[in-house]
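The file entry-v7.txt contains compact mmCIF, C-alpha atoms and all ligand atoms:
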```
# COMPACT_ATOMS: atom_id res chain seq x y z
CA MET A 1 0.00 0.00 0.00
CA LYS A 2 1.29 3.43 -0.87
CA ILE A 3 0.39 6.95 -1.87
CA GLU A 4 1.45 8.34 -5.25
CA LEU A 5 1.11 11.71 -6.95
CA SER A 6 0.45 12.68 -10.52
CA SER A 7 -0.28 16.25 -11.68
CA ASN A 8 -2.02 17.56 -8.56
CA LYS A 9 -3.85 14.30 -8.01
CA VAL A 10 -3.33 11.82 -5.19
CA PHE A 11 -3.47 8.12 -5.87
CA PHE A 12 -3.73 5.14 -3.56
CA GLU A 13 -1.88 2.10 -4.82
CA ASN A 14 -2.57 -1.38 -3.46
CA ASN A 15 -1.58 -4.72 -4.99
CA GLY A 16 -1.31 -3.33 -8.48
CA SER A 17 -4.60 -1.47 -8.36
CA LYS A 18 -4.35 2.33 -8.43
CA LYS A 19 -7.23 4.64 -7.59
CA GLU A 20 -7.49 8.38 -7.31
CA ILE A 21 -8.38 9.75 -3.89
CA HIS A 22 -11.20 12.28 -4.14
CA PRO A 23 -9.85 15.76 -3.26
CA PHE A 24 -12.87 16.35 -1.02
CA TRP A 25 -11.94 13.24 1.00
CA LEU A 26 -8.56 14.82 1.69
CA ARG A 27 -10.07 18.27 2.35
CA GLU A 28 -12.35 16.73 5.01
CA ARG A 29 -9.26 15.46 6.79
CA VAL A 30 -7.39 18.72 7.13
CA ASN A 31 -5.88 19.02 10.57
CA GLY A 32 -4.36 21.80 12.58
CA GLU A 33 -5.88 23.69 15.48
CA ASN A 34 -8.26 25.72 13.33
CA PHE A 35 -9.82 22.61 11.88
CA VAL A 36 -9.72 19.85 14.51
CA ASP A 37 -10.18 20.10 18.27
CA LYS A 38 -7.03 18.71 19.84
CA GLY A 39 -8.72 16.99 22.79
CA THR A 40 -11.71 15.35 21.14
CA GLN A 41 -10.28 14.96 17.64
CA GLN A 42 -13.63 16.26 16.40
CA ARG A 43 -13.94 18.61 13.44
CA LEU A 44 -14.34 22.30 14.08
CA PHE A 45 -15.92 22.77 10.66
CA ASP A 46 -18.92 21.27 8.91
CA PRO A 47 -17.81 19.58 5.66
CA THR A 48 -21.34 19.85 4.25
CA GLU A 49 -20.86 23.63 4.20
CA LEU A 50 -17.70 23.51 2.09
CA LYS A 51 -17.94 24.32 -1.56
CA LYS A 52 -18.39 21.18 -3.57
CA ASN A 53 -15.80 21.80 -6.23
CA ILE A 54 -12.76 21.27 -4.02
CA GLN A 55 -9.55 20.89 -5.99
CA ILE A 56 -5.89 20.60 -5.22
CA ASN A 57 -3.72 23.56 -6.25
CA LYS A 58 -0.39 22.38 -4.94
CA ILE A 59 0.87 19.15 -3.51
CA ASN A 60 4.02 17.65 -2.03
CA LEU A 61 4.73 14.12 -0.84
CA SER A 62 7.60 13.16 1.44
CA GLU A 63 8.23 9.87 3.18
CA LYS A 64 6.04 10.79 6.14
CA PHE A 65 3.81 13.66 5.06
CA LEU A 66 1.45 14.71 2.35
CA GLU A 67 1.22 18.51 2.08
CA ILE A 68 -1.70 19.94 0.17
CA SER A 69 -2.99 23.39 -0.76
CA PHE A 70 -6.64 23.38 -1.75
CA ASN A 71 -8.43 25.81 -4.04
CA ASP A 72 -10.37 27.30 -1.11
CA GLY A 73 -7.11 28.62 0.39
CA VAL A 74 -6.72 25.90 3.03
CA GLN A 75 -3.39 24.16 3.49
CA THR A 76 -2.71 21.00 5.44
CA LYS A 77 -0.03 18.47 6.28
CA LEU A 78 -1.40 14.94 6.60
CA GLU A 79 0.50 11.94 7.89
CA VAL A 80 0.83 9.30 5.17
CA GLN A 81 0.46 6.60 7.80
CA ASP A 82 -2.94 7.94 8.86
CA ILE A 83 -4.21 7.86 5.29
CA LEU A 84 -2.96 4.31 4.72
CA ARG A 85 -4.55 3.19 7.96
CA GLU A 86 -7.95 4.34 6.73
CA PHE A 87 -7.55 2.33 3.56
CA SER A 88 -6.50 -0.81 5.33
CA ASN A 89 -10.03 -0.81 6.79
CA ILE A 90 -8.97 -2.93 9.71
CA ASN A 91 -11.54 -3.87 12.27
CA GLU A 92 -9.14 -4.94 14.98
CA ILE A 93 -11.75 -6.96 16.84
CA LYS A 94 -12.64 -9.00 13.77
CA PHE A 95 -8.98 -9.88 13.40
CA ILE A 96 -8.84 -11.53 16.81
CA LYS A 97 -9.22 -15.13 15.75
CA LYS A 98 -11.91 -17.08 17.56
CA ILE A 99 -10.57 -20.27 19.13
CA LYS A 100 -13.02 -23.15 18.93
CA TRP A 101 -13.34 -25.19 22.08
CA ASP A 102 -15.27 -28.11 23.53
CA SER A 103 -15.38 -30.05 26.82
CA SER A 104 -11.62 -30.70 26.59
CA LEU A 105 -10.92 -27.01 27.25
CA ASN A 106 -8.85 -26.67 30.40
CA ASN A 107 -7.93 -23.00 30.28
CA PHE A 108 -10.86 -21.22 31.88
CA ASN A 109 -9.42 -17.76 31.27
CA ASN A 110 -9.11 -16.83 34.93
CA PHE A 111 -7.90 -13.35 35.82
CA ASP A 112 -7.46 -12.11 39.38
CA PHE A 113 -9.29 -8.92 40.11
CA GLU A 114 -7.13 -6.10 41.41
CA GLU A 115 -7.58 -2.43 42.09
CA ASN A 116 -7.38 -0.34 38.92
CA ILE A 117 -7.68 -3.48 36.79
CA PHE A 118 -9.86 -1.53 34.37
CA GLU A 119 -6.88 0.62 33.40
CA ASN A 120 -4.27 -2.16 33.51
CA LYS A 121 -2.65 -4.35 30.90
CA LYS A 122 -4.31 -7.29 32.61
CA MET A 123 -7.70 -6.01 31.46
CA TYR A 124 -6.37 -5.78 27.92
CA GLU A 125 -5.26 -9.43 28.09
CA ALA A 126 -8.59 -10.46 29.60
CA LEU A 127 -10.51 -8.73 26.80
CA ILE A 128 -8.35 -10.37 24.14
CA ASN A 129 -9.14 -13.72 25.73
CA PHE A 130 -12.80 -12.79 25.85
CA TYR A 131 -12.80 -12.30 22.09
CA LYS A 132 -10.81 -15.50 21.50
CA PHE A 133 -12.84 -17.84 23.71
CA GLY A 134 -16.11 -15.96 24.20
CA PHE A 135 -15.74 -15.85 27.96
CA VAL A 136 -13.43 -14.89 30.78
CA ILE A 137 -13.68 -15.32 34.56
CA PHE A 138 -12.49 -12.64 36.96
CA LYS A 139 -11.63 -14.04 40.40
CA ASN A 140 -12.05 -12.33 43.79
CA VAL A 141 -14.24 -9.51 42.54
CA PRO A 142 -15.71 -7.57 45.51
CA THR A 143 -19.17 -8.87 46.33
CA LYS A 144 -20.63 -5.97 48.33
CA ASN A 145 -23.01 -3.20 47.24
CA ASN A 146 -23.97 -4.60 43.84
CA PHE A 147 -20.39 -4.23 42.66
CA ILE A 148 -21.39 -5.77 39.33
CA VAL A 149 -22.87 -2.41 38.31
CA ASN A 150 -19.58 -0.73 39.09
CA PHE A 151 -17.71 -3.44 37.20
CA ALA A 152 -19.90 -3.13 34.09
CA ASN A 153 -19.66 0.65 34.08
CA SER A 154 -15.90 0.53 34.46
CA ILE A 155 -15.57 -1.42 31.23
CA GLY A 156 -18.25 0.56 29.41
CA SER A 157 -21.92 1.22 30.11
CA ILE A 158 -24.44 -1.14 31.60
CA ARG A 159 -27.27 -2.16 29.27
CA ARG A 160 -30.48 -1.77 31.18
CA THR A 161 -33.44 -3.99 30.29
CA ASN A 162 -36.96 -4.37 31.61
CA PHE A 163 -35.44 -6.71 34.21
CA GLY A 164 -33.68 -3.65 35.59
CA GLU A 165 -30.11 -2.41 35.65
CA PHE A 166 -29.09 -5.78 37.07
CA PHE A 167 -30.95 -8.85 38.26
CA ASN A 168 -30.66 -11.16 41.24
CA VAL A 169 -30.60 -14.90 40.70
CA LYS A 170 -31.24 -16.12 44.18
CA SER A 171 -32.16 -19.54 45.40
CA LYS A 172 -34.44 -20.01 48.37
CA PRO A 173 -35.27 -23.11 50.34
CA ASN A 174 -38.92 -23.99 49.65
CA PRO A 175 -39.19 -21.61 46.71
CA ASN A 176 -42.48 -19.84 46.05
CA ASP A 177 -41.64 -18.71 42.53
CA LEU A 178 -40.41 -20.60 39.49
CA ALA A 179 -37.55 -18.12 39.08
CA TYR A 180 -36.14 -19.41 42.33
CA THR A 181 -36.32 -23.09 41.54
CA SER A 182 -33.25 -25.24 41.74
CA LEU A 183 -33.99 -27.03 38.47
CA SER A 184 -31.30 -27.44 35.87
CA LEU A 185 -31.24 -24.94 33.01
CA ALA A 186 -30.35 -26.30 29.59
CA PRO A 187 -27.84 -24.35 27.50
CA HIS A 188 -29.45 -21.21 26.08
CA THR A 189 -28.69 -17.66 25.02
CA ASP A 190 -30.35 -14.78 26.82
CA ASN A 191 -33.00 -12.42 25.51
CA PRO A 192 -33.27 -13.63 21.89
CA TYR A 193 -36.49 -11.60 21.63
CA ARG A 194 -34.75 -8.22 21.99
CA ASN A 195 -33.64 -5.95 19.19
CA PRO A 196 -30.73 -5.70 19.57
CA VAL A 197 -30.00 -8.72 21.74
CA PRO A 198 -27.72 -7.76 24.68
CA CYS A 199 -24.21 -8.67 23.56
CA ILE A 200 -22.47 -9.68 26.75
CA GLN A 201 -23.72 -11.06 30.05
CA LEU A 202 -21.90 -10.57 33.33
CA LEU A 203 -22.73 -13.06 36.07
CA HIS A 204 -21.26 -12.43 39.48
CA CYS A 205 -21.36 -15.07 42.18
CA ILE A 206 -22.00 -13.49 45.56
CA GLU A 207 -22.47 -16.72 47.47
CA ASN A 208 -22.60 -20.38 46.57
CA LYS A 209 -23.02 -22.88 49.38
CA VAL A 210 -24.67 -25.69 47.46
CA SER A 211 -22.87 -28.74 46.14
CA GLY A 212 -24.66 -28.76 42.74
CA GLY A 213 -25.64 -25.77 40.65
CA LEU A 214 -22.61 -25.96 38.40
CA SER A 215 -22.41 -23.36 35.67
CA THR A 216 -22.25 -24.67 32.13
CA LEU A 217 -21.00 -23.09 28.92
CA VAL A 218 -21.10 -24.26 25.32
CA ASP A 219 -19.30 -22.62 22.40
CA GLY A 220 -22.04 -21.92 19.85
CA TYR A 221 -19.37 -21.14 17.27
CA THR A 222 -17.78 -24.60 17.58
CA VAL A 223 -21.14 -26.35 17.45
CA THR A 224 -22.57 -24.43 14.50
CA GLU A 225 -19.35 -25.00 12.54
CA LYS A 226 -19.65 -28.71 13.33
CA LEU A 227 -23.23 -28.65 12.08
CA LYS A 228 -22.09 -26.92 8.88
CA ASP A 229 -19.53 -29.69 8.23
CA ASP A 230 -21.66 -32.70 9.14
CA PHE A 231 -25.21 -31.60 8.33
CA PRO A 232 -25.08 -28.87 5.67
CA ASP A 233 -28.84 -29.06 4.99
CA TYR A 234 -29.60 -28.45 8.64
CA TYR A 235 -27.11 -25.60 8.78
CA LYS A 236 -28.63 -24.05 5.69
CA ILE A 237 -32.18 -24.01 6.96
CA LEU A 238 -31.17 -22.67 10.38
CA THR A 239 -29.20 -19.85 8.76
CA GLU A 240 -31.96 -18.99 6.31
CA THR A 241 -35.22 -19.23 8.24
CA LYS A 242 -36.28 -16.25 10.29
CA ILE A 243 -38.15 -17.32 13.38
CA ARG A 244 -40.00 -15.33 16.00
CA TYR A 245 -38.64 -15.02 19.52
CA GLN A 246 -41.07 -13.74 22.09
CA PHE A 247 -41.27 -12.60 25.68
CA ILE A 248 -44.51 -11.41 27.26
CA ASP A 249 -45.33 -10.24 30.74
CA GLN A 250 -47.86 -7.80 32.20
CA ASN A 251 -45.87 -4.73 31.23
CA VAL A 252 -44.22 -5.53 27.96
CA PHE A 253 -44.53 -7.48 24.71
CA LEU A 254 -41.13 -8.14 23.16
CA GLU A 255 -40.59 -9.99 19.93
CA ASP A 256 -37.97 -10.16 17.24
CA TRP A 257 -37.56 -12.18 14.07
CA ALA A 258 -34.16 -13.65 13.30
CA GLU A 259 -32.38 -16.73 12.04
CA MET A 260 -31.26 -19.11 14.78
CA ILE A 261 -27.76 -18.94 13.32
CA GLN A 262 -27.01 -15.51 11.92
CA LEU A 263 -24.15 -14.98 9.49
CA ASP A 264 -22.37 -11.77 8.59
CA GLU A 265 -22.11 -10.27 5.10
CA ASN A 266 -19.28 -12.71 4.32
CA GLY A 267 -21.24 -15.77 5.44
CA ILE A 268 -19.25 -16.09 8.64
CA PHE A 269 -20.76 -16.86 12.05
CA LYS A 270 -22.14 -13.79 13.74
CA GLN A 271 -24.70 -14.84 16.32
CA VAL A 272 -26.64 -17.79 17.64
CA ARG A 273 -30.00 -17.45 19.40
CA PHE A 274 -31.09 -20.58 21.16
CA SER A 275 -33.92 -20.75 23.66
CA PRO A 276 -36.39 -23.47 22.71
CA ARG A 277 -39.03 -22.17 25.09
CA LEU A 278 -39.24 -18.83 23.33
CA ASP A 279 -38.98 -19.57 19.61
CA PHE A 280 -41.82 -19.84 17.10
CA VAL A 281 -41.14 -21.05 13.59
CA PRO A 282 -43.46 -19.61 10.92
CA LEU A 283 -45.94 -21.82 9.11
CA MET A 284 -43.98 -23.15 6.14
CA ASP A 285 -44.46 -26.05 3.73
CA LYS A 286 -44.72 -29.34 5.56
CA GLU A 287 -41.49 -30.67 4.00
CA LYS A 288 -39.62 -27.54 4.97
CA LEU A 289 -40.92 -27.71 8.51
CA GLU A 290 -39.95 -31.37 8.65
CA LEU A 291 -36.38 -30.37 7.78
CA TYR A 292 -36.44 -27.42 10.18
CA TYR A 293 -37.54 -29.57 13.11
CA SER A 294 -34.89 -32.18 12.34
CA ALA A 295 -32.28 -29.41 12.19
CA ARG A 296 -33.43 -27.90 15.48
CA ASN A 297 -33.38 -31.31 17.15
CA LYS A 298 -29.87 -31.98 15.91
CA ILE A 299 -28.45 -28.67 17.05
CA SER A 300 -30.20 -29.04 20.38
CA GLU A 301 -28.65 -32.50 20.73
CA LEU A 302 -25.22 -31.01 20.05
CA PHE A 303 -25.71 -28.07 22.39
CA ASN A 304 -26.79 -30.45 25.16
CA SER A 305 -24.05 -32.99 24.51
CA GLU A 306 -21.36 -33.51 27.15
CA LYS A 307 -18.85 -33.35 24.31
CA TYR A 308 -19.20 -29.60 23.92
CA ARG A 309 -20.09 -28.47 27.43
CA ILE A 310 -17.76 -27.26 30.15
CA LYS A 311 -18.93 -27.34 33.74
CA PHE A 312 -17.53 -25.45 36.68
CA LYS A 313 -18.59 -24.12 40.02
CA LEU A 314 -18.73 -20.36 40.42
CA MET A 315 -17.34 -19.44 43.83
CA SER A 316 -18.03 -16.30 45.83
CA GLY A 317 -16.28 -13.41 44.06
CA ASP A 318 -16.13 -15.08 40.63
CA LEU A 319 -17.44 -12.91 37.83
CA LEU A 320 -18.13 -14.64 34.54
CA MET A 321 -18.20 -12.45 31.46
CA MET A 322 -19.64 -14.24 28.44
CA ASP A 323 -20.47 -13.44 24.86
CA ASN A 324 -24.23 -13.85 24.52
CA TYR A 325 -23.96 -13.90 20.71
CA ARG A 326 -21.56 -16.81 20.72
CA LEU A 327 -21.88 -18.86 23.90
CA LEU A 328 -24.76 -20.72 25.47
CA HIS A 329 -24.99 -20.92 29.21
CA GLY A 330 -26.91 -22.97 31.72
CA ARG A 331 -26.63 -24.67 35.08
CA THR A 332 -27.02 -28.07 36.64
CA SER A 333 -29.68 -28.68 39.27
CA TYR A 334 -28.99 -28.32 42.95
CA ASP A 335 -30.61 -28.76 46.34
CA ALA A 336 -31.75 -25.35 47.60
CA ASN A 337 -32.04 -26.73 51.12
CA GLU A 338 -28.25 -27.08 51.27
CA GLY A 339 -27.81 -23.31 51.53
CA GLU A 340 -27.59 -20.05 49.66
CA ARG A 341 -26.81 -19.72 45.96
CA PHE A 342 -26.87 -16.07 44.99
CA LEU A 343 -25.73 -14.63 41.68
CA GLN A 344 -26.16 -11.17 40.20
CA GLY A 345 -26.31 -10.55 36.48
CA CYS A 346 -26.33 -7.66 34.04
CA TYR A 347 -25.57 -6.91 30.41
CA ILE A 348 -23.18 -4.74 28.47
CA ASP A 349 -22.82 -4.34 24.71
CA TYR A 350 -19.88 -4.78 22.37
CA ASP A 351 -19.20 -1.05 22.19
CA SER A 352 -18.15 -1.31 25.85
CA THR A 353 -15.56 -4.06 25.37
CA GLU A 354 -14.39 -2.79 21.98
CA GLY A 355 -14.04 0.75 23.28
CA LYS A 356 -12.08 -0.40 26.33
CA LEU A 357 -9.88 -2.74 24.32
CA LYS A 358 -8.96 -0.02 21.81
CA HIS A 359 -8.38 2.48 24.60
CA LEU A 360 -5.98 0.11 26.42
CA LYS A 361 -4.24 -0.75 23.16
CA ARG A 362 -3.62 2.94 22.53
CA LYS A 363 -2.63 3.58 26.16
CA PHE A 364 -0.01 0.82 26.27
CA ASN A 365 1.04 1.30 22.67
CA ILE A 366 0.41 -2.35 21.89
FE FE A 401 -29.72 -17.14 31.03
```
If you took the structure in this file and wrote it as structure tokens, what would it be?
Ligand SMILES: [Fe+2]
Amino acid sequence: MKIELSSNKVFFENNGSKKEIHPFWLRERVNGENFVDKGTQQRLFDPTELKKNIQINKINLSEKFLEISFNDGVQTKLEVQDILREFSNINEIKFIKKIKWDSSLNNFNNFDFEENIFENKKMYEALINFYKFGFVIFKNVPTKNNFIVNFANSIGSIRRTNFGEFFNVKSKPNPNDLAYTSLSLAPHTDNPYRNPVPCIQLLHCIENKVSGGLSTLVDGYTVTEKLKDDFPDYYKILTETKIRYQFIDQNVFLEDWAEMIQLDENGIFKQVRFSPRLDFVPLMDKEKLELYYSARNKISELFNSEKYRIKFKLMSGDLLMMDNYRLLHGRTSYDANEGERFLQGCYIDYDSTEGKLKHLKRKFNI
């Protein structure tokens, strides 16, 4: 990749292809204290108010800088590196390669909590691991005063839902509400009926005195890739059929239509939504429904298989951060009469983790 000049025109050359850079594109990027606020890096001018016919009067290219005089009298000195960076169009997060895992995973991505962790290199490493594996566990996180809210807001901003800023998952002996049962929960993703679905769930164990109630995680990326290899017809119908996810209570009616396995514009895994108590497939041809139900059964079998599931006990102070677009979570049953099992949960979105990761990368010059 490089910049070239030819008679007052700037060209971008990449792998043999050469394209002219629009003069207006360069004019929008003029820097200097009259044009860009130093602190915020925001423009001090409105490019929509510039005259449209912007041209280059004079130009000079050195190894590091591109100096331009425009026909509206403005001059600027742009760093070549900055221009090339814009053309490389790198989404740093996308370039963190996902590592597929199954029940043989023995690195549970544990990171000890410490004061100022949110501004430390350790948080950078934890976030990288989060993007690689889809989860990370912080150990010894303070358990008093709903610290989870503090934690979430120190990475980014908490994502409030109709369940509140955060929610309590508390077991009670002789429960009087289904929410407080000690039944096992099969692997699922949270809130598939929201638009957008909360990206990341934080689950903080305040107390856990029961012998059961193990937390479970399944890598939806590993499983859906397995389905693609072994059962392409099933994969196809689950990536192509929009189904309705629904949640209703006295105050709200939430629903969203989406494919169970969502792919990005390049056909690569983006999100899985799996919660068989909340999904409604539309009325399709009988043959198509036959295939859909077989596909759903197969993926459910894989998600529930011991082969793909890791199990671990969350201890007091453990805070599990998991990607709700990639991972499924659940728990094994337990005996509520053995004692207290109290977790607190909340959500944050990808802008929180991406923003923090990029900030730390810049801060430590990584
Ligand atoms: Fe859940």
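Candidate residues A:Ile348, A:Ala186, A:Leu26, A:Ile21 were compared for distance to A:Leu78, and the nearest is A:Leu26, using all atoms listed in the file.
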- request: Find the residues around A:Asn191 up to 9 Å (all atoms listed in the file counted), leave out those fewer than 3 positions away in its own chain, and share them as a count of residues only.
  value: 9
task: Tell me which of A:Asn110, A:Ser316, A:Gln344, A:Asn304 sits closest to A:Phe163, counting only C-alpha atoms.
output: A:Gln344
task: Could you tell me, counting only C-alpha atoms and all ligand atoms, which protein and nucleic acid residues lie no more than 8 Å from ligand FE 401 (chain A), written as a ChimeraX atom specification?
output: /A:188-191,329-330
message: With only C-alpha atoms as the counted atoms, please give the residues lying no more than 8 Å from A:Tyr131, apart from itself and same-chain residues fewer than 3 positions off, as number ranges by chain.
response: A: 93, 96-98, 127-128, 134-135
Residue subset to file, keeping C-alpha atoms, as a PDB file, in the coordinates of the input:
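The new file selection08.pdb reads:
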```
ATOM      1  CA  ILE A  93     -11.750  -6.960  16.840  1.00  0.00           C
ATOM      2  CA  ILE A  96      -8.840 -11.530  16.810  1.00  0.00           C
ATOM      3  CA  LYS A  97      -9.220 -15.130  15.750  1.00  0.00           C
ATOM      4  CA  LYS A  98     -11.910 -17.080  17.560  1.00  0.00           C
ATOM      5  CA  LEU A 127     -10.510  -8.730  26.800  1.00  0.00           C
ATOM      6  CA  ILE A 128      -8.350 -10.370  24.140  1.00  0.00           C
ATOM      7  CA  GLY A 134     -16.110 -15.960  24.200  1.00  0.00           C
ATOM      8  CA  PHE A 135     -15.740 -15.850  27.960  1.00  0.00           C
TER       9      PHE A 135
END
```
Selected residue of minimal separation from A:Phe138 among A:Ala258, A:Met1, A:Ala126, A:Ile299, counting all atoms listed in the file: A:Ala126
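Once A:Arg27 and its same-chain neighbours fewer than 3 positions away are set aside, Pro23, Phe24, Val30, Ile54 and Phe70 of chain A remain within 8 Å of it when counting only C-alpha atoms.
For the pair atom CA of A:Ser6 and atom CA of A:Thr48, the interatomic distance is 27.3 Å.
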task: List the residues sitting within 10 Å of (-6.5, 28.2, -2.6) in the file's frame, using only C-alpha atoms, as a PyMOL selection string.
output: chain A and resi 54-58+68-75
Report as a tab-separated table the residues of stretch 257-335 of chain A within 9 Å of stretch 104-107 of chain A, each with its shortest atom pair and distance in Å (one decimal), using all atoms listed in the file, ordered by chain and increasing residue number.
```
residue	atom	partner	partner_atom	distance
A:Lys307	CA	A:Ser104	CA	8.0
A:Tyr308	CA	A:Ser104	CA	8.1
A:Arg309	CA	A:Ser104	CA	8.8
A:Ile310	CA	A:Leu105	CA	7.4
```
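Interatomic distance, atom CA of A:Ile3 to atom CA of A:Phe364: 28.8 Å.
Counting all atoms listed in the file, the residue from A:Ser294, A:Thr239, A:Asn162, A:Ser300 that sits nearest to A:Phe253 is A:Asn162.
Separating atom CA of A:Met123 from atom CA of A:Leu327 is a distance of 20.6 Å.
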statement: Closest of A:Trp25, A:Val210, A:Asp249, A:Leu291 to A:Tyr235, counting all atoms listed in the file, is A:Leu291
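With all atoms listed in the file as the basis for measurement, A:Glu119 is the residue among A:Glu287, A:Asp219, A:Glu119, A:Asp335 that approaches A:Arg362 most closely.
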- request: For A:Trp257, work out the shell of residues within 8 Å, counting all atoms listed in the file and skipping chain neighbours fewer than 5 positions away, then give it as a PyMOL selection string.
  value: chain A and resi 193+242-245
- prompt: If we count all atoms listed in the file, what is near A:Leu44 at a cut-off of 9 Å, once residues fewer than 6 positions away on the same chain are taken out, given as an NGL selection string?
  reply: :A and (33-37)
Could you pull stretch 38-55 of chain A out of the block above and give me N, CA and C atoms, as a PDB file, in the first residue's frame?
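Contents of the output file out.pdb:
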```pdb
ATOM      1  N   LYS A  38      -8.134  19.575  19.434  1.00  0.00           N
ATOM      2  CA  LYS A  38      -7.035  18.710  19.845  1.00  0.00           C
ATOM      3  C   LYS A  38      -7.491  17.596  20.785  1.00  0.00           C
ATOM      4  N   GLY A  39      -8.318  17.957  21.763  1.00  0.00           N
ATOM      5  CA  GLY A  39      -8.716  16.992  22.786  1.00  0.00           C
ATOM      6  C   GLY A  39      -9.636  15.913  22.250  1.00  0.00           C
ATOM      7  N   THR A  40     -10.693  16.329  21.554  1.00  0.00           N
ATOM      8  CA  THR A  40     -11.710  15.351  21.136  1.00  0.00           C
ATOM      9  C   THR A  40     -11.444  14.755  19.771  1.00  0.00           C
ATOM     10  N   GLN A  41     -10.534  15.374  19.032  1.00  0.00           N
ATOM     11  CA  GLN A  41     -10.279  14.959  17.641  1.00  0.00           C
ATOM     12  C   GLN A  41     -11.522  15.130  16.776  1.00  0.00           C
ATOM     13  N   GLN A  42     -12.438  16.013  17.217  1.00  0.00           N
ATOM     14  CA  GLN A  42     -13.631  16.263  16.405  1.00  0.00           C
ATOM     15  C   GLN A  42     -13.404  17.483  15.525  1.00  0.00           C
ATOM     16  N   ARG A  43     -14.088  17.500  14.381  1.00  0.00           N
ATOM     17  CA  ARG A  43     -13.940  18.606  13.436  1.00  0.00           C
ATOM     18  C   ARG A  43     -14.500  19.901  13.999  1.00  0.00           C
ATOM     19  N   LEU A  44     -13.833  20.987  13.687  1.00  0.00           N
ATOM     20  CA  LEU A  44     -14.336  22.300  14.078  1.00  0.00           C
ATOM     21  C   LEU A  44     -15.070  22.955  12.909  1.00  0.00           C
ATOM     22  N   PHE A  45     -15.193  22.231  11.811  1.00  0.00           N
ATOM     23  CA  PHE A  45     -15.923  22.772  10.657  1.00  0.00           C
ATOM     24  C   PHE A  45     -16.907  21.716  10.161  1.00  0.00           C
ATOM     25  N   ASP A  46     -17.901  22.192   9.436  1.00  0.00           N
ATOM     26  CA  ASP A  46     -18.919  21.274   8.906  1.00  0.00           C
ATOM     27  C   ASP A  46     -18.625  21.039   7.424  1.00  0.00           C
ATOM     28  N   PRO A  47     -18.200  19.820   7.061  1.00  0.00           N
ATOM     29  CA  PRO A  47     -17.812  19.585   5.663  1.00  0.00           C
ATOM     30  C   PRO A  47     -18.973  19.756   4.686  1.00  0.00           C
ATOM     31  N   THR A  48     -20.199  19.676   5.181  1.00  0.00           N
ATOM     32  CA  THR A  48     -21.337  19.854   4.246  1.00  0.00           C
ATOM     33  C   THR A  48     -21.481  21.316   3.836  1.00  0.00           C
ATOM     34  N   GLU A  49     -20.784  22.206   4.550  1.00  0.00           N
ATOM     35  CA  GLU A  49     -20.863  23.627   4.202  1.00  0.00           C
ATOM     36  C   GLU A  49     -19.709  24.073   3.292  1.00  0.00           C
ATOM     37  N   LEU A  50     -18.813  23.165   2.989  1.00  0.00           N
ATOM     38  CA  LEU A  50     -17.699  23.508   2.088  1.00  0.00           C
ATOM     39  C   LEU A  50     -18.204  23.558   0.661  1.00  0.00           C
ATOM     40  N   LYS A  51     -17.493  24.335  -0.164  1.00  0.00           N
ATOM     41  CA  LYS A  51     -17.935  24.318  -1.561  1.00  0.00           C
ATOM     42  C   LYS A  51     -17.604  22.953  -2.161  1.00  0.00           C
ATOM     43  N   LYS A  52     -18.467  22.545  -3.078  1.00  0.00           N
ATOM     44  CA  LYS A  52     -18.392  21.179  -3.571  1.00  0.00           C
ATOM     45  C   LYS A  52     -17.179  20.943  -4.474  1.00  0.00           C
ATOM     46  N   ASN A  53     -16.845  21.964  -5.219  1.00  0.00           N
ATOM     47  CA  ASN A  53     -15.802  21.801  -6.226  1.00  0.00           C
ATOM     48  C   ASN A  53     -14.404  22.000  -5.626  1.00  0.00           C
ATOM     49  N   ILE A  54     -14.073  21.170  -4.670  1.00  0.00           N
ATOM     50  CA  ILE A  54     -12.760  21.272  -4.024  1.00  0.00           C
ATOM     51  C   ILE A  54     -11.701  20.651  -4.945  1.00  0.00           C
ATOM     52  N   GLN A  55     -10.633  21.411  -5.154  1.00  0.00           N
ATOM     53  CA  GLN A  55      -9.545  20.894  -5.989  1.00  0.00           C
ATOM     54  C   GLN A  55      -8.214  21.139  -5.301  1.00  0.00           C
TER      55      GLN A  55
END
```
